[in-house]
Structures are given as structure tokens and as C-alpha cells.
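See structure below.
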Amino acid sequence: MEDRKRLEIIEYGNKILEEHLTFGSGGNLSLRYDENMLITPSGVPYEELQKLEIVYMNYEGEVIIGKLKPSSEYMIHSKIYQKRKDINAIIHTHSKYINVLGAIGEDLKAVHYLIASSGDSIVKVAPYETYGTKELAKRALEYLENRKAVILANHGLVACGENLEEALQISRDLEFCAFVYVKALAVGKVNIIPDEKIKEVVEKFKTHGQI
Ligand SMILES: [Zn+2]
């Protein structure tokens, strides 16, 4: 079980790289496991990751199994797992259009119905804090609220799911929505889908999945 989860983290790490949702060794991924979590180590390129390099650690920051240092953002992951029992997988990326919104401090709005994969009609930008700090982890959790994603100002996206597939899908969908929003803002005209219409889509995704 633990082996399979380690391999899954490596597989999805390579996917976020191949899909250009991040670059270099930027970003990190984790899975809830027992009362603890499995998380990518700090600074190892996804293409070179070996399963025993995935760090098994507790929410207090102590490594249980692993020789490498965990991702510097482990506190974001541990805070979310402690607070949100609906979340079992987290993917953090430095995707481009999300970062444009983060740089101008603009919450992602419902310019396309795929925003519903976040569970809401808005994805908020958490104020900037230095990477790897508990202040950043606190802000991320605060602005995540009851959604499945949060934009970190001047940094990237944190997407959460029941599993890594859902977290990846949210990362993809929100990067696409951010692309549309940035382009629409550049044109100077944006039509936002009303909240109640997005709520309908959120319900549809729950029962039918995406079409
Ligand atoms: Zn980052």
C-alpha cells in the first residue's frame, strides 16, 4: 500500500511537469497516509525521484521514514490534512496563468464553468508570505476555506482532492480558467457566470463527473 502510494506521487509529479503546470523541481505533492503523510522531498527533480526518496512524516514536522529533507512547504500540507478530513491528496504547482492572477492579487472568478472543480465559484488569492514559513501555511489554509484550491500570491496554486487524480484535474482546470480570465481582462470585457449557475455545475460534477 505504502509502496503504491509512493509510486503514485512520482507518477503525478512527472505529470505536472509534462503538462507544464510547473517547471524544474518547483511545486510538491503529498498523500495522506494513516495518521501521517507521504510527501516529495526538497529539491529533487521529478524525473529522478526514487520511491524511497518520498518522505514519510508526521504533521509536527518529524520525518518517520526517509533520508532526505521533506518539501519546504510541508507545513501547508500538514495544516490542510489536520483541518480538512475530506482531503487526502495535495498538489502544489507554479503554473503560469494562475501566477499572473497571483501577481496582480486578483481572485479567480467564474469565467468558465470548469472553475466548479474547485467546489466554488471563486478561488481566492492568499496574501504573499515567504515560501516554507508557517505564516504562508496559515494563510493558505485560511484562504482555502471550504474550497479545494487556493492561489498563493506571487507564488502558485495549491489544489486538494480525495486523490491525486482529482488534485491534478483541479490544477489543470484552474490553470485553464486563469488563462481565460487573464486574456479576458486584457481585452477589457469579462462576463462572469452567476453563483447559482456554478452551484449547479458543482452538483453535476459530484454526481456525473466532468463532461
Ligand atoms: Zn512553491
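Naming works like this for the C-alpha cells: A, B, ... for the chains as they're shown, residue 1 at the start of each chain, ligands 1 onward in shown order.
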
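Neighbouring residues of Glu53 (chain A) at 10 Å or closer, counting only C-alpha atoms and skipping chain neighbours under 6 positions away, are Arg6, Ile10, Ile39, Thr40, Pro41, Ser42, Val44, Ile65, Gly66, Lys67, Leu68, Lys69 and Pro70 of chain A.
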
Convert the current residue selection to file output with C-alpha atoms, as a PDB file, in the first residue's frame.
ATOM      1  CA  ARG A   6       4.991   6.383  -3.205  1.00  0.00           C
ATOM      2  CA  ILE A  10       6.229  10.075  -8.513  1.00  0.00           C
ATOM      3  CA  ILE A  39       5.439  13.971   0.610  1.00  0.00           C
ATOM      4  CA  THR A  40       8.000  14.779  -2.077  1.00  0.00           C
ATOM      5  CA  PRO A  41      11.493  15.667  -0.831  1.00  0.00           C
ATOM      6  CA  SER A  42      13.042  19.097  -1.206  1.00  0.00           C
ATOM      7  CA  VAL A  44      14.873  16.530  -6.271  1.00  0.00           C
ATOM      8  CA  ILE A  65      10.974   7.246   7.221  1.00  0.00           C
ATOM      9  CA  GLY A  66      13.283   8.993   4.791  1.00  0.00           C
ATOM     10  CA  LYS A  67      16.842  10.194   4.373  1.00  0.00           C
ATOM     11  CA  LEU A  68      16.033  13.405   2.529  1.00  0.00           C
ATOM     12  CA  LYS A  69      14.516  16.627   3.798  1.00  0.00           C
ATOM     13  CA  PRO A  70      10.792  16.939   3.063  1.00  0.00           C
TER      14      PRO A  70
END

For region 72-164 of chain A versus region 14-31 of chain A, which residues have an atom no more than 9 Å away, and what is each residue's nearest atom pair and distance in Å rounded to one decimal, using only C-alpha atoms, chain-then-number order, as a Markdown table?
| residue | atom | partner | partner_atom | distance |
| --- | --- | --- | --- | --- |
| A:Ser72 | CA | A:Asn28 | CA | 8.9 |
| A:Glu73 | CA | A:Asn28 | CA | 7.6 |
| A:Tyr74 | CA | A:Asn28 | CA | 8.6 |
| A:His77 | CA | A:Ser30 | CA | 7.2 |
| A:Asn88 | CA | A:Leu31 | CA | 5.7 |
| A:Ala89 | CA | A:Leu31 | CA | 4.5 |
| A:Ile90 | CA | A:Ser30 | CA | 5.3 |
| A:Ile91 | CA | A:Leu29 | CA | 4.5 |
| A:His92 | CA | A:Gly27 | CA | 4.9 |
| A:Thr93 | CA | A:Gly27 | CA | 4.5 |
| A:His94 | CA | A:Thr22 | CA | 4.9 |
| A:Ser95 | CA | A:Leu21 | CA | 4.6 |
| A:Lys96 | CA | A:Leu21 | CA | 7.4 |
| A:Gly156 | CA | A:Gly27 | CA | 8.3 |
| A:Leu157 | CA | A:Gly27 | CA | 8.8 |
| A:Asn163 | CA | A:Leu31 | CA | 7.7 |
| A:Leu164 | CA | A:Leu31 | CA | 7.6 |

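Proximity to Gly209 (chain A) was assessed for A:Ala149, A:Leu114, A:Ile64, A:Ile9 counting only C-alpha atoms; the smallest distance is recorded for A:Leu114.
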
Checklist entry - Which residue, A:Met75, A:Ile193, A:Leu101, A:Ala140, has the smallest gap to Met57 (chain A) when you use only C-alpha atoms? => result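 For Met57 (chain A), the nearest of the candidates is A:Met75.
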
Checklist entry - When distances are computed from only C-alpha atoms and all ligand atoms, which of A:Glu203, A:Glu129, A:Asp86, A:Glu47 shows the smallest separation from ligand 1? => result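 So, comparing all the options, the nearest one is A:Glu129.
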
Checklist entry - So which bits of region 31-84 of chain A end up helix (DSSP H, G or I) when you DSSP the backbone, as an MDAnalysis selection string? => result chainID A and resid 46:48 51:53 74:83

Using all heavy atoms, can you export the residues from the last selection as a short mmCIF file (atom, residue, chain, number, x, y, z; two decimals), in the first residue's frame?
data_model
loop_
_atom_site.label_atom_id
_atom_site.label_comp_id
_atom_site.auth_asym_id
_atom_site.auth_seq_id
_atom_site.Cartn_x
_atom_site.Cartn_y
_atom_site.Cartn_z
N TYR A 46 11.63 15.86 -10.54
CA TYR A 46 10.62 14.80 -10.60
C TYR A 46 11.08 13.60 -11.43
O TYR A 46 10.80 12.46 -11.09
CB TYR A 46 9.30 15.36 -11.16
CG TYR A 46 8.68 16.38 -10.26
CD1 TYR A 46 8.64 17.73 -10.61
CD2 TYR A 46 8.13 16.01 -9.03
CE1 TYR A 46 8.09 18.68 -9.76
CE2 TYR A 46 7.57 16.95 -8.18
CZ TYR A 46 7.55 18.29 -8.56
OH TYR A 46 7.00 19.21 -7.70
N GLU A 47 11.81 13.87 -12.52
CA GLU A 47 12.24 12.76 -13.41
C GLU A 47 13.21 11.82 -12.70
O GLU A 47 13.38 10.69 -13.11
CB GLU A 47 12.96 13.28 -14.66
CG GLU A 47 12.34 14.42 -15.39
CD GLU A 47 12.89 15.75 -14.92
OE1 GLU A 47 12.58 16.11 -13.77
OE2 GLU A 47 13.58 16.43 -15.70
N GLU A 48 13.87 12.32 -11.65
CA GLU A 48 14.89 11.49 -10.98
C GLU A 48 14.39 10.89 -9.67
O GLU A 48 15.10 10.12 -9.03
CB GLU A 48 16.13 12.35 -10.67
CG GLU A 48 16.84 12.81 -11.92
CD GLU A 48 17.89 13.87 -11.65
OE1 GLU A 48 18.34 14.00 -10.49
OE2 GLU A 48 18.26 14.58 -12.60
N LYS A 51 11.37 5.91 -5.33
CA LYS A 51 10.28 5.76 -4.35
C LYS A 51 10.72 5.90 -2.89
O LYS A 51 9.98 6.42 -2.07
CB LYS A 51 9.48 4.48 -4.60
CG LYS A 51 10.12 3.22 -4.21
CD LYS A 51 9.21 2.05 -4.49
CE LYS A 51 9.95 0.78 -4.09
NZ LYS A 51 9.37 -0.42 -4.61
N LEU A 52 11.95 5.49 -2.58
CA LEU A 52 12.39 5.62 -1.19
C LEU A 52 12.80 7.05 -0.83
O LEU A 52 13.09 7.35 0.34
CB LEU A 52 13.52 4.62 -0.89
CG LEU A 52 13.05 3.16 -0.86
CD1 LEU A 52 14.21 2.22 -0.68
CD2 LEU A 52 11.99 2.93 0.23
N GLU A 53 12.82 7.92 -1.83
CA GLU A 53 13.12 9.33 -1.55
C GLU A 53 11.88 10.10 -1.12
O GLU A 53 11.98 11.23 -0.64
CB GLU A 53 13.77 9.98 -2.78
CG GLU A 53 15.16 9.42 -3.05
CD GLU A 53 15.79 9.97 -4.32
OE1 GLU A 53 15.05 10.34 -5.26
OE2 GLU A 53 17.03 10.00 -4.38
N TYR A 74 6.07 21.61 3.54
CA TYR A 74 5.33 20.54 4.22
C TYR A 74 4.26 21.08 5.19
O TYR A 74 3.24 20.44 5.42
CB TYR A 74 6.29 19.57 4.94
CG TYR A 74 6.86 20.09 6.23
CD1 TYR A 74 6.15 19.96 7.42
CD2 TYR A 74 8.10 20.73 6.27
CE1 TYR A 74 6.66 20.46 8.61
CE2 TYR A 74 8.62 21.22 7.45
CZ TYR A 74 7.90 21.09 8.62
OH TYR A 74 8.39 21.60 9.78
N MET A 75 4.50 22.28 5.70
CA MET A 75 3.53 22.83 6.67
C MET A 75 2.18 23.15 6.03
O MET A 75 1.15 23.05 6.67
CB MET A 75 4.10 24.08 7.35
CG MET A 75 5.06 23.72 8.47
SD MET A 75 5.62 25.17 9.38
CE MET A 75 6.93 25.75 8.30
N ILE A 76 2.20 23.54 4.74
CA ILE A 76 0.92 23.78 4.05
C ILE A 76 0.15 22.46 4.02
O ILE A 76 -1.04 22.40 4.34
CB ILE A 76 1.15 24.28 2.60
CG1 ILE A 76 1.81 25.66 2.59
CG2 ILE A 76 -0.17 24.30 1.82
CD1 ILE A 76 2.05 26.24 1.19
N HIS A 77 0.85 21.39 3.64
CA HIS A 77 0.21 20.08 3.52
C HIS A 77 -0.31 19.59 4.88
O HIS A 77 -1.44 19.14 4.99
CB HIS A 77 1.20 19.07 2.94
CG HIS A 77 1.67 19.40 1.55
ND1 HIS A 77 1.32 18.66 0.45
CD2 HIS A 77 2.46 20.40 1.09
CE1 HIS A 77 1.87 19.19 -0.63
NE2 HIS A 77 2.58 20.25 -0.28
N SER A 78 0.54 19.68 5.91
CA SER A 78 0.12 19.15 7.21
C SER A 78 -1.05 19.93 7.80
O SER A 78 -1.97 19.35 8.37
CB SER A 78 1.29 19.07 8.19
OG SER A 78 1.86 20.32 8.39
N LYS A 79 -1.03 21.24 7.62
CA LYS A 79 -2.13 22.05 8.16
C LYS A 79 -3.46 21.68 7.48
O LYS A 79 -4.50 21.58 8.14
CB LYS A 79 -1.87 23.54 7.91
CG LYS A 79 -1.18 24.20 9.08
CD LYS A 79 -1.33 25.72 9.01
CE LYS A 79 -0.72 26.41 10.20
NZ LYS A 79 -1.26 26.01 11.49
N ILE A 80 -3.41 21.46 6.16
CA ILE A 80 -4.64 21.13 5.43
C ILE A 80 -5.15 19.74 5.86
O ILE A 80 -6.34 19.58 6.13
CB ILE A 80 -4.42 21.21 3.90
CG1 ILE A 80 -4.15 22.67 3.49
CG2 ILE A 80 -5.62 20.64 3.14
CD1 ILE A 80 -3.75 22.88 2.04
N TYR A 81 -4.26 18.76 5.95
CA TYR A 81 -4.71 17.41 6.36
C TYR A 81 -5.30 17.41 7.77
O TYR A 81 -6.24 16.67 8.05
CB TYR A 81 -3.55 16.40 6.29
CG TYR A 81 -3.12 16.06 4.89
CD1 TYR A 81 -1.78 16.06 4.52
CD2 TYR A 81 -4.07 15.73 3.91
CE1 TYR A 81 -1.38 15.76 3.23
CE2 TYR A 81 -3.68 15.42 2.61
CZ TYR A 81 -2.33 15.44 2.28
OH TYR A 81 -1.95 15.12 1.00
N GLN A 82 -4.74 18.24 8.64
CA GLN A 82 -5.25 18.28 10.01
C GLN A 82 -6.64 18.90 10.08
O GLN A 82 -7.48 18.46 10.85
CB GLN A 82 -4.29 19.08 10.90
CG GLN A 82 -3.08 18.28 11.31
CD GLN A 82 -2.10 19.12 12.10
OE1 GLN A 82 -1.45 20.02 11.59
NE2 GLN A 82 -2.01 18.84 13.38
N LYS A 83 -6.87 19.90 9.24
CA LYS A 83 -8.14 20.63 9.30
C LYS A 83 -9.22 20.04 8.40
O LYS A 83 -10.40 20.07 8.73
CB LYS A 83 -7.85 22.09 8.90
CG LYS A 83 -9.00 23.06 9.03
CD LYS A 83 -9.21 23.47 10.46
CE LYS A 83 -10.49 24.24 10.67
NZ LYS A 83 -10.35 25.67 10.59
#

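When only C-alpha atoms are used to measure the gap to Val202 (chain A), the shortest distance among A:Leu141, A:Glu165, A:Glu135, A:Asp120 belongs to A:Asp120.
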
Checklist entry - Quick one: DSSP strand (DSSP E) residues in chain A, as a VMD selection string? => result chain A and resid 28 to 33 36 to 39 55 to 57 63 to 65 89 to 93 125 to 126 149 to 152 156 to 161

Those selected residues, please, written with N, CA and C atoms and delivered as a compact mmCIF listing (two decimals), in the first residue's frame.
# COMPACT_ATOMS: atom_id res chain seq x y z
N ASN A 28 5.20 20.70 -5.19
CA ASN A 28 5.33 19.49 -4.36
C ASN A 28 3.99 18.77 -4.29
N LEU A 29 4.07 17.49 -3.91
CA LEU A 29 2.86 16.64 -3.87
C LEU A 29 2.87 15.81 -2.61
N SER A 30 1.67 15.50 -2.11
CA SER A 30 1.61 14.63 -0.93
C SER A 30 0.33 13.81 -0.94
N LEU A 31 0.36 12.76 -0.13
CA LEU A 31 -0.82 11.92 0.11
C LEU A 31 -0.95 11.70 1.60
N ARG A 32 -2.17 11.75 2.09
CA ARG A 32 -2.43 11.38 3.48
C ARG A 32 -2.15 9.88 3.60
N TYR A 33 -1.50 9.46 4.65
CA TYR A 33 -1.26 8.04 4.84
C TYR A 33 -1.32 7.73 6.34
N ASN A 36 -0.44 10.12 9.20
CA ASN A 36 0.71 10.93 8.77
C ASN A 36 0.59 11.22 7.28
N MET A 37 1.71 11.60 6.64
CA MET A 37 1.64 11.86 5.20
C MET A 37 2.93 11.45 4.50
N LEU A 38 2.77 11.18 3.20
CA LEU A 38 3.90 10.92 2.31
C LEU A 38 4.04 12.16 1.45
N ILE A 39 5.26 12.71 1.34
CA ILE A 39 5.44 13.97 0.61
C ILE A 39 6.75 13.95 -0.17
N VAL A 55 9.22 11.18 1.33
CA VAL A 55 9.37 11.26 2.79
C VAL A 55 8.06 10.93 3.51
N TYR A 56 8.17 10.03 4.50
CA TYR A 56 7.02 9.71 5.34
C TYR A 56 7.20 10.49 6.64
N MET A 57 6.28 11.39 6.94
CA MET A 57 6.47 12.27 8.10
C MET A 57 5.15 12.55 8.83
N VAL A 63 10.35 13.58 10.51
CA VAL A 63 10.45 12.54 9.49
C VAL A 63 10.42 11.18 10.18
N ILE A 64 9.53 10.29 9.70
CA ILE A 64 9.44 8.94 10.27
C ILE A 64 10.29 7.98 9.45
N ILE A 65 10.13 8.03 8.12
CA ILE A 65 10.97 7.25 7.22
C ILE A 65 11.45 8.16 6.10
N ALA A 89 -5.20 14.24 -0.74
CA ALA A 89 -4.09 14.44 -1.68
C ALA A 89 -3.95 15.93 -1.97
N ILE A 90 -2.69 16.38 -2.09
CA ILE A 90 -2.44 17.81 -2.35
C ILE A 90 -1.35 17.95 -3.41
N ILE A 91 -1.62 18.85 -4.38
CA ILE A 91 -0.60 19.16 -5.39
C ILE A 91 -0.39 20.67 -5.39
N HIS A 92 0.87 21.07 -5.24
CA HIS A 92 1.22 22.48 -5.30
C HIS A 92 2.04 22.71 -6.58
N THR A 93 1.62 23.67 -7.41
CA THR A 93 2.32 23.95 -8.67
C THR A 93 2.65 25.45 -8.78
N VAL A 125 -7.02 34.52 -3.65
CA VAL A 125 -5.57 34.71 -3.57
C VAL A 125 -5.20 34.97 -2.11
N ALA A 126 -4.36 34.10 -1.54
CA ALA A 126 -3.86 34.32 -0.17
C ALA A 126 -2.71 35.32 -0.25
N ALA A 149 -9.11 24.61 -3.55
CA ALA A 149 -7.93 25.25 -4.13
C ALA A 149 -7.74 26.65 -3.58
N VAL A 150 -6.47 27.07 -3.57
CA VAL A 150 -6.14 28.44 -3.15
C VAL A 150 -4.93 28.89 -3.96
N ILE A 151 -4.96 30.18 -4.37
CA ILE A 151 -3.82 30.77 -5.09
C ILE A 151 -2.94 31.45 -4.05
N LEU A 152 -1.63 31.17 -4.11
CA LEU A 152 -0.69 31.85 -3.21
C LEU A 152 -0.12 33.04 -3.99
N GLY A 156 2.02 30.56 -6.52
CA GLY A 156 1.46 29.43 -7.25
C GLY A 156 0.10 28.99 -6.74
N LEU A 157 -0.20 27.72 -7.00
CA LEU A 157 -1.52 27.18 -6.66
C LEU A 157 -1.38 25.98 -5.72
N VAL A 158 -2.33 25.83 -4.80
CA VAL A 158 -2.44 24.60 -4.01
C VAL A 158 -3.80 23.99 -4.35
N ALA A 159 -3.78 22.76 -4.90
CA ALA A 159 -5.02 22.08 -5.27
C ALA A 159 -5.15 20.81 -4.44
N CYS A 160 -6.35 20.56 -3.91
CA CYS A 160 -6.56 19.46 -2.98
C CYS A 160 -7.67 18.54 -3.50
N GLY A 161 -7.54 17.24 -3.24
CA GLY A 161 -8.58 16.34 -3.69
C GLY A 161 -8.70 15.11 -2.81
